[in-house]
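Chemist: data.cif (mmCIF, C-alpha atoms) pasted underneath:
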```cif
data_my_file
loop_
_atom_site.label_atom_id
_atom_site.label_comp_id
_atom_site.auth_asym_id
_atom_site.auth_seq_id
_atom_site.Cartn_x
_atom_site.Cartn_y
_atom_site.Cartn_z
CA MET A 89 136.19 130.58 185.37
CA SER A 90 138.61 130.36 182.44
CA ASP A 91 136.35 127.88 180.60
CA VAL A 92 133.13 129.89 181.11
CA THR A 93 133.01 131.53 177.70
CA VAL A 94 130.19 132.72 175.46
CA ASP A 95 130.85 129.82 173.09
CA ALA A 96 130.75 127.34 175.97
CA PHE A 97 127.54 128.86 177.36
CA GLN A 98 125.81 128.60 174.00
CA ALA A 99 127.10 125.07 173.48
CA LEU A 100 125.67 124.11 176.87
CA ALA A 101 122.32 125.61 175.83
CA ARG A 102 122.06 123.16 172.92
CA SER A 103 123.50 120.10 174.70
CA SER A 104 120.74 119.15 177.16
CA PRO A 105 119.44 116.08 175.23
CA TRP A 106 122.87 114.46 175.58
CA ARG A 107 123.60 115.31 179.23
CA TRP A 108 120.90 113.54 181.23
CA ARG A 109 118.29 110.79 181.08
CA THR A 110 116.07 111.44 184.13
CA LEU A 111 115.32 114.58 186.12
CA HIS A 112 113.49 115.35 189.37
CA PHE A 113 112.85 119.05 189.96
CA ARG A 114 110.60 121.81 191.27
CA HIS A 115 109.32 124.39 188.80
CA ARG A 116 107.93 127.84 189.59
CA ASP A 117 106.41 130.53 187.43
CA ASP A 118 103.55 133.01 187.71
CA GLY A 119 101.15 130.05 187.56
CA GLY A 120 102.47 128.52 190.78
CA GLU A 121 104.81 125.68 191.75
CA VAL A 122 104.88 122.02 190.73
CA GLU A 123 107.16 119.07 191.38
CA ALA A 124 108.07 116.94 188.38
CA TRP A 125 109.82 113.74 187.38
CA LEU A 126 110.91 113.21 183.78
CA ARG A 127 112.38 110.14 182.15
CA ARG A 128 113.60 110.43 178.60
CA PRO A 129 112.23 109.63 176.18
CA GLY A 130 108.63 110.67 176.60
CA ARG A 131 107.64 110.15 180.24
CA LEU A 132 106.57 112.95 182.59
CA LEU A 133 104.87 113.02 186.01
CA VAL A 134 103.80 116.38 187.45
CA ARG A 135 102.48 116.85 190.99
CA THR A 136 100.69 120.13 191.68
CA ASP A 137 100.73 121.90 195.05
CA ASP A 138 97.32 120.42 195.92
CA GLY A 139 98.68 116.88 195.55
CA ARG A 140 97.12 116.00 192.21
CA GLU A 141 99.27 114.02 189.77
CA HIS A 142 99.29 114.38 186.01
CA ARG A 143 101.06 112.01 183.64
CA VAL A 144 102.15 112.69 180.09
CA THR A 145 103.27 109.82 177.85
CA GLU A 146 104.69 110.29 174.37
CA ASP A 147 105.30 106.85 172.89
CA GLY A 148 106.79 108.30 169.71
CA ALA A 149 109.47 110.27 171.52
CA ARG A 150 112.94 109.83 170.09
CA PRO A 151 115.71 108.47 172.36
CA VAL A 152 119.04 110.30 172.29
CA ALA A 153 122.37 108.57 172.82
CA PRO A 154 124.28 109.90 175.86
CA ALA A 155 127.31 112.08 175.20
CA PRO A 156 130.61 110.16 175.19
CA GLN A 157 131.77 112.02 178.33
CA PRO A 158 129.90 113.92 181.05
CA ASP A 159 131.19 117.37 180.03
CA ALA A 160 130.70 116.87 176.28
CA MET A 161 129.09 119.71 174.32
CA VAL A 162 127.40 119.47 170.93
CA GLY A 163 127.66 121.71 167.90
CA PRO A 164 124.82 123.47 166.06
CA ARG A 165 121.93 121.17 165.16
CA PRO A 166 120.62 120.83 161.62
CA ASP A 167 117.26 122.56 161.09
CA LEU A 168 115.62 119.24 160.30
CA LEU A 169 116.31 118.12 163.89
CA ARG A 170 114.88 121.25 165.46
CA PHE A 171 112.03 119.50 167.29
CA GLU A 172 113.32 115.92 167.39
CA TYR A 173 114.41 116.09 171.02
CA ASP A 174 111.33 117.69 172.60
CA ASP A 175 110.44 116.46 176.07
CA PRO A 176 106.79 116.07 177.15
CA MET A 177 105.09 119.41 177.73
CA TRP A 178 103.38 120.74 180.83
CA GLN A 179 101.08 123.77 180.31
CA ASN A 180 103.04 125.44 177.47
CA TYR A 181 106.14 125.32 175.28
CA SER A 182 108.29 127.37 177.65
CA TRP A 183 108.48 124.12 179.65
CA VAL A 184 109.91 122.34 176.61
CA ALA A 185 112.36 125.19 175.94
CA MET A 186 113.45 125.22 179.59
CA LEU A 187 114.43 121.55 179.39
CA ASP A 188 116.18 121.93 176.02
CA PRO A 189 117.10 125.62 175.62
CA VAL A 190 118.60 125.38 172.15
CA GLU A 191 116.92 128.72 171.35
CA LEU A 192 119.52 130.41 173.57
CA SER A 193 122.42 129.05 171.53
CA HIS A 194 122.34 131.59 168.68
CA HIS A 195 121.07 135.08 167.82
CA VAL A 196 121.27 135.97 171.51
CA GLU A 197 123.59 138.57 173.05
CA VAL A 198 125.42 137.13 176.07
CA ALA A 199 126.81 139.57 178.67
CA ASN A 200 127.97 139.50 182.30
CA LEU A 201 128.77 135.81 182.07
CA ARG A 202 129.72 134.22 185.39
CA GLU A 203 129.66 131.02 187.40
CA ASP A 204 127.05 130.83 190.16
CA GLN A 205 125.30 128.47 192.56
CA VAL A 206 121.57 127.86 192.04
CA ALA A 207 119.77 125.64 194.56
CA GLY A 208 123.15 124.27 195.61
CA ARG A 209 124.24 123.37 192.08
CA THR A 210 126.81 124.90 189.76
CA ALA A 211 125.30 127.07 187.05
CA TRP A 212 126.52 129.38 184.31
CA ARG A 213 124.66 132.66 184.50
CA ALA A 214 124.43 135.55 182.05
CA ASP A 215 122.40 138.56 180.96
CA LEU A 216 120.73 137.56 177.67
CA ARG A 217 119.09 139.77 175.06
CA ALA A 218 117.34 138.30 172.02
CA LEU A 219 118.64 139.60 168.69
CA PRO A 220 116.96 139.65 165.26
CA GLY A 221 116.92 136.06 164.06
CA TYR A 222 116.15 134.66 167.52
CA ASP A 223 114.35 131.37 166.86
CA PRO A 224 112.30 130.29 169.90
CA ARG A 225 110.55 126.93 170.22
CA CYS A 226 107.27 128.88 170.28
CA GLY A 227 107.55 132.56 169.39
CA GLY A 228 105.20 135.41 168.58
CA ASN A 229 105.27 136.48 172.26
CA CYS A 230 103.66 133.20 173.24
CA CYS A 231 106.07 130.83 175.05
CA GLU A 232 109.59 132.03 174.26
CA LEU A 233 112.20 132.09 177.02
CA LEU A 234 113.19 135.67 176.12
CA TYR A 235 110.04 137.77 175.78
CA SER A 236 111.15 140.41 173.29
CA GLU A 237 110.61 142.18 169.98
CA ALA A 238 112.86 139.62 168.33
CA ALA A 239 110.70 136.80 169.69
CA LEU A 240 107.56 138.48 168.37
CA MET A 241 109.09 138.83 164.91
CA ALA A 242 110.06 135.15 164.85
CA ASP A 243 106.48 134.46 163.72
CA PHE A 244 106.24 137.22 161.09
CA ASN A 245 108.03 138.02 157.86
CA SER A 246 107.77 141.80 158.27
CA PRO A 247 106.57 144.39 160.84
CA GLU A 248 103.55 145.10 158.64
CA GLU A 249 102.24 141.58 159.33
CA VAL A 250 102.14 142.13 163.09
CA PRO A 251 98.55 142.83 164.29
CA LYS A 252 98.18 146.48 165.25
CA ALA A 253 97.10 145.54 168.77
CA TRP A 254 100.44 143.78 169.28
CA ARG A 255 102.65 146.67 168.20
CA GLY A 256 104.39 149.04 170.59
CA ARG A 257 104.79 146.57 173.43
CA THR A 258 107.29 147.30 176.18
CA TYR A 259 109.78 144.49 176.72
CA PRO A 260 112.38 143.72 179.40
CA ASP A 261 115.82 145.19 178.80
CA HIS A 262 117.25 141.69 179.09
CA TYR A 263 116.83 138.41 180.99
CA ASP A 264 118.96 137.07 183.84
CA VAL A 265 119.36 133.42 182.82
CA ALA A 266 121.15 130.54 184.54
CA LEU A 267 121.91 127.17 182.97
CA ASP A 268 122.59 124.17 185.20
CA VAL A 269 126.06 123.02 184.14
CA GLN A 270 125.49 119.27 184.54
CA THR A 271 122.24 119.15 182.57
CA GLY A 272 122.04 122.30 180.42
CA VAL A 273 118.53 122.98 181.77
CA VAL A 274 117.39 126.57 182.40
CA VAL A 275 117.15 126.96 186.18
CA ARG A 276 116.58 130.72 186.35
CA CYS A 277 115.05 133.00 183.71
CA ARG A 278 113.96 136.39 185.04
CA PRO A 279 113.21 139.65 183.20
CA VAL A 280 115.20 142.76 184.03
CA GLY A 281 113.62 146.14 183.29
CA GLY A 282 110.46 146.83 181.33
CA GLU A 283 106.92 146.59 182.63
CA GLU A 284 105.81 144.15 185.29
CA GLY A 285 104.19 140.91 184.22
CA ALA A 286 106.78 139.55 181.77
CA ALA A 287 107.14 135.77 181.83
CA TRP A 288 109.67 134.22 184.21
CA LEU A 289 110.57 130.80 185.57
CA GLU A 290 112.68 129.14 188.24
CA VAL A 291 113.75 125.50 188.57
CA ASP A 292 115.35 123.76 191.52
CA ILE A 293 116.93 120.49 190.40
CA LEU A 294 116.63 117.77 193.05
CA GLU A 295 118.01 114.65 191.31
CA VAL A 296 119.71 113.85 188.02
CA ASP A 297 119.73 110.38 186.43
CA ALA A 298 118.04 108.68 189.39
CA ASP A 299 116.24 105.41 188.73
CA LEU A 300 112.61 106.38 188.05
CA ASP A 301 111.40 103.02 186.76
CA ALA A 302 109.11 102.58 189.74
CA LEU A 303 107.30 105.80 188.80
CA PHE A 304 106.98 104.91 185.13
CA GLN A 305 105.91 101.28 184.90
CA ASP A 306 105.56 100.61 181.17
#
```
Would you encode the structure as structure tokens?
Modeler:
Amino acid sequence: MSDVTVDAFQALARSSPWRWRTLHFRHRDDGGEVEAWLRRPGRLLVRTDDGREHRVTEDGARPVAPAPQPDAMVGPRPDLLRFEYDDPMWQNYSWVAMLDPVELSHHVEVANLREDQVAGRTAWRADLRALPGYDPRCGGNCCELLYSEAALMADFNSPEEVPKAWRGRTYPDHYDVALDVQTGVVVRCRPVGGEEGAAWLEVDILEVDADLDALFQD
């Protein structure tokens, strides 16, 4: 537990592109459950609960060199690289943010940090609250990981610009978030407090860096 620090947690949140190449997982949210296989860069296969398969191919996706050692963490990324490491999207941008949660690496309050087990894997878990300056992959209360006032304001320069119908929303007090230590992927993100219906997600990681060439025959 001595190395589970706020700095380490936030470094893990921005390190996912350097910590794995392929991923096999189950994903759940209020839209249901899917099973997915992802090979970086730019290949995604999603199987829905009715057995249908959907493929996403992004030929322009940028490959990322692996980290020099398995536990390597990266520092803050330059703004110009903000979207360079996006994985293929399924349904909305919270999927992209889940796989590369760099938005949790700054302007986020981290409390109750602890080590945990999620679906049999080691995770770092914390209570997170978005602060002013929170910079989600897709904000404005659309697809951010931390549904909040700060996420809403990420898309506006001042409160006066917010549509009147969007003002006065009730948000969760914070989110209970777990990052898988090996990959940096968000495996639990659940609202605590506030009204029912806030966005949430859960991921069970099944395989990391397995050979998926047979699934993605280029």
Chemist: Report, in Å to a single decimal, how far apart atom CA of Asp243 of chain A and atom CA of Gly228 of chain A are.
Modeler: 5.1 Å
Chemist: Using all atoms listed in the file for the distances, tell me which of A:Gln179, A:Arg107, A:Arg165, A:Arg114 is nearest to His142 of chain A.
Modeler: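 Looking at the shortest contact to His142 of chain A, the residue is A:Gln179.
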Chemist: Between A:Ser246, A:Asn200, A:Thr258, A:Thr93, which one has atoms that come closest to Glu284 of chain A, using only C-alpha atoms?
Modeler: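 Using only C-alpha atoms, the shortest distance to Glu284 of chain A belongs to A:Thr258.
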Chemist: Do you know which residues are at most 7 Å from Trp212 of chain A counting all atoms listed in the file, after dropping those on the same chain fewer than 2 positions away, and could you put them as a list in words?
Modeler: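 My list of contacting residues is Arg202, Glu203, Asp204, Ala214, Ala266, Leu267, Asp268 and Val269 of chain A.
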Chemist: So which residues touch Arg140 of chain A within 12 Å, counting all atoms listed in the file, skipping near sequence neighbours fewer than 3 positions away, as a compact mmCIF listing (two decimals) with C-alpha atoms, keeping the file's coordinate frame?
Modeler:
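Ended up saving to out24.txt:
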```txt
# COMPACT_ATOMS: atom_id res chain seq x y z
CA VAL A 122 104.88 122.02 190.73
CA GLU A 123 107.16 119.07 191.38
CA ALA A 124 108.07 116.94 188.38
CA LEU A 133 104.87 113.02 186.01
CA VAL A 134 103.80 116.38 187.45
CA ARG A 135 102.48 116.85 190.99
CA THR A 136 100.69 120.13 191.68
CA ASP A 137 100.73 121.90 195.05
CA ARG A 143 101.06 112.01 183.64
```
Chemist: Starting from the point (106.8, 135.5, 169.9), work out which residues of protein, DNA or RNA have an atom no more than 6 Å away when counting all atoms listed in the file; state them as a list in words.
Modeler: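 Applying the cut-off with all atoms listed in the file, one gets Gly227, Gly228, Asn229, Cys230, Ala239 and Leu240 of chain A.
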Chemist: Can you work out the spacing between atom CA of Leu233 of chain A and atom CA of Ala185 of chain A in Å, to one decimal?
Modeler: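 Spanning atom CA of Leu233 of chain A to atom CA of Ala185 of chain A is a straight-line distance of 7.0 Å.
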Chemist: Run the PyMOL selection byres ((chain A and resi 131) around 8) mentally over the shown coordinates, then write out the matched residues as a ChimeraX atom specification, using the chain letters and numbers from the document.
Modeler: /A:126-130,132-133,143-146,176,304
Chemist: Near Gln98 of chain A, counting all atoms listed in the file, which residues have an atom at most 8 Å away, once you skip same-chain residues fewer than 2 positions from it, shown as a list of chain:residue names?
Modeler: A:Val94, A:Asp95, A:Ala96, A:Leu100, A:Ala101, A:Arg102, A:Leu192, A:Ser193, A:His194
Chemist: List the neighbours of Pro260 of chain A out to 8 Å using all atoms listed in the file; skip same-chain residues closer than 2 positions along the sequence, and give me the result as a JSON list (two decimals) with C-alpha atoms, in the coordinates of the input.
Modeler:
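Result file around.json:
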```json
[["chain", "number", "residue", "atom", "x", "y", "z"],
["A", 235, "TYR", "CA", 110.04, 137.77, 175.78],
["A", 236, "SER", "CA", 111.15, 140.41, 173.29],
["A", 258, "THR", "CA", 107.29, 147.30, 176.18],
["A", 262, "HIS", "CA", 117.25, 141.69, 179.09],
["A", 263, "TYR", "CA", 116.83, 138.41, 180.99],
["A", 279, "PRO", "CA", 113.21, 139.65, 183.20],
["A", 280, "VAL", "CA", 115.20, 142.76, 184.03],
["A", 281, "GLY", "CA", 113.62, 146.14, 183.29],
["A", 282, "GLY", "CA", 110.46, 146.83, 181.33],
["A", 283, "GLU", "CA", 106.92, 146.59, 182.63],
["A", 286, "ALA", "CA", 106.78, 139.55, 181.77]]
```
Chemist: Of the candidates A:Val162, A:Leu111, A:Val275, A:Ala242, which shows the shortest atom-to-atom distance to Val190 of chain A, using all atoms listed in the file?
Modeler: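 The shortest atom-to-atom distance to Val190 of chain A comes from A:Val162.
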Chemist: What residues come out when you apply the PyMOL selection byres ((chain A and resi 198) around 8) to this file, written as a PyMOL selection string?
Modeler: chain A and resi 94+196-197+199-201+214-217
Chemist: Mind giving me the straight-line distance from atom CA of His195 of chain A to atom CA of Asp175 of chain A in Å, one decimal?
Modeler: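 Atom-to-atom, atom CA of His195 of chain A and atom CA of Asp175 of chain A are spaced 23.0 Å apart.
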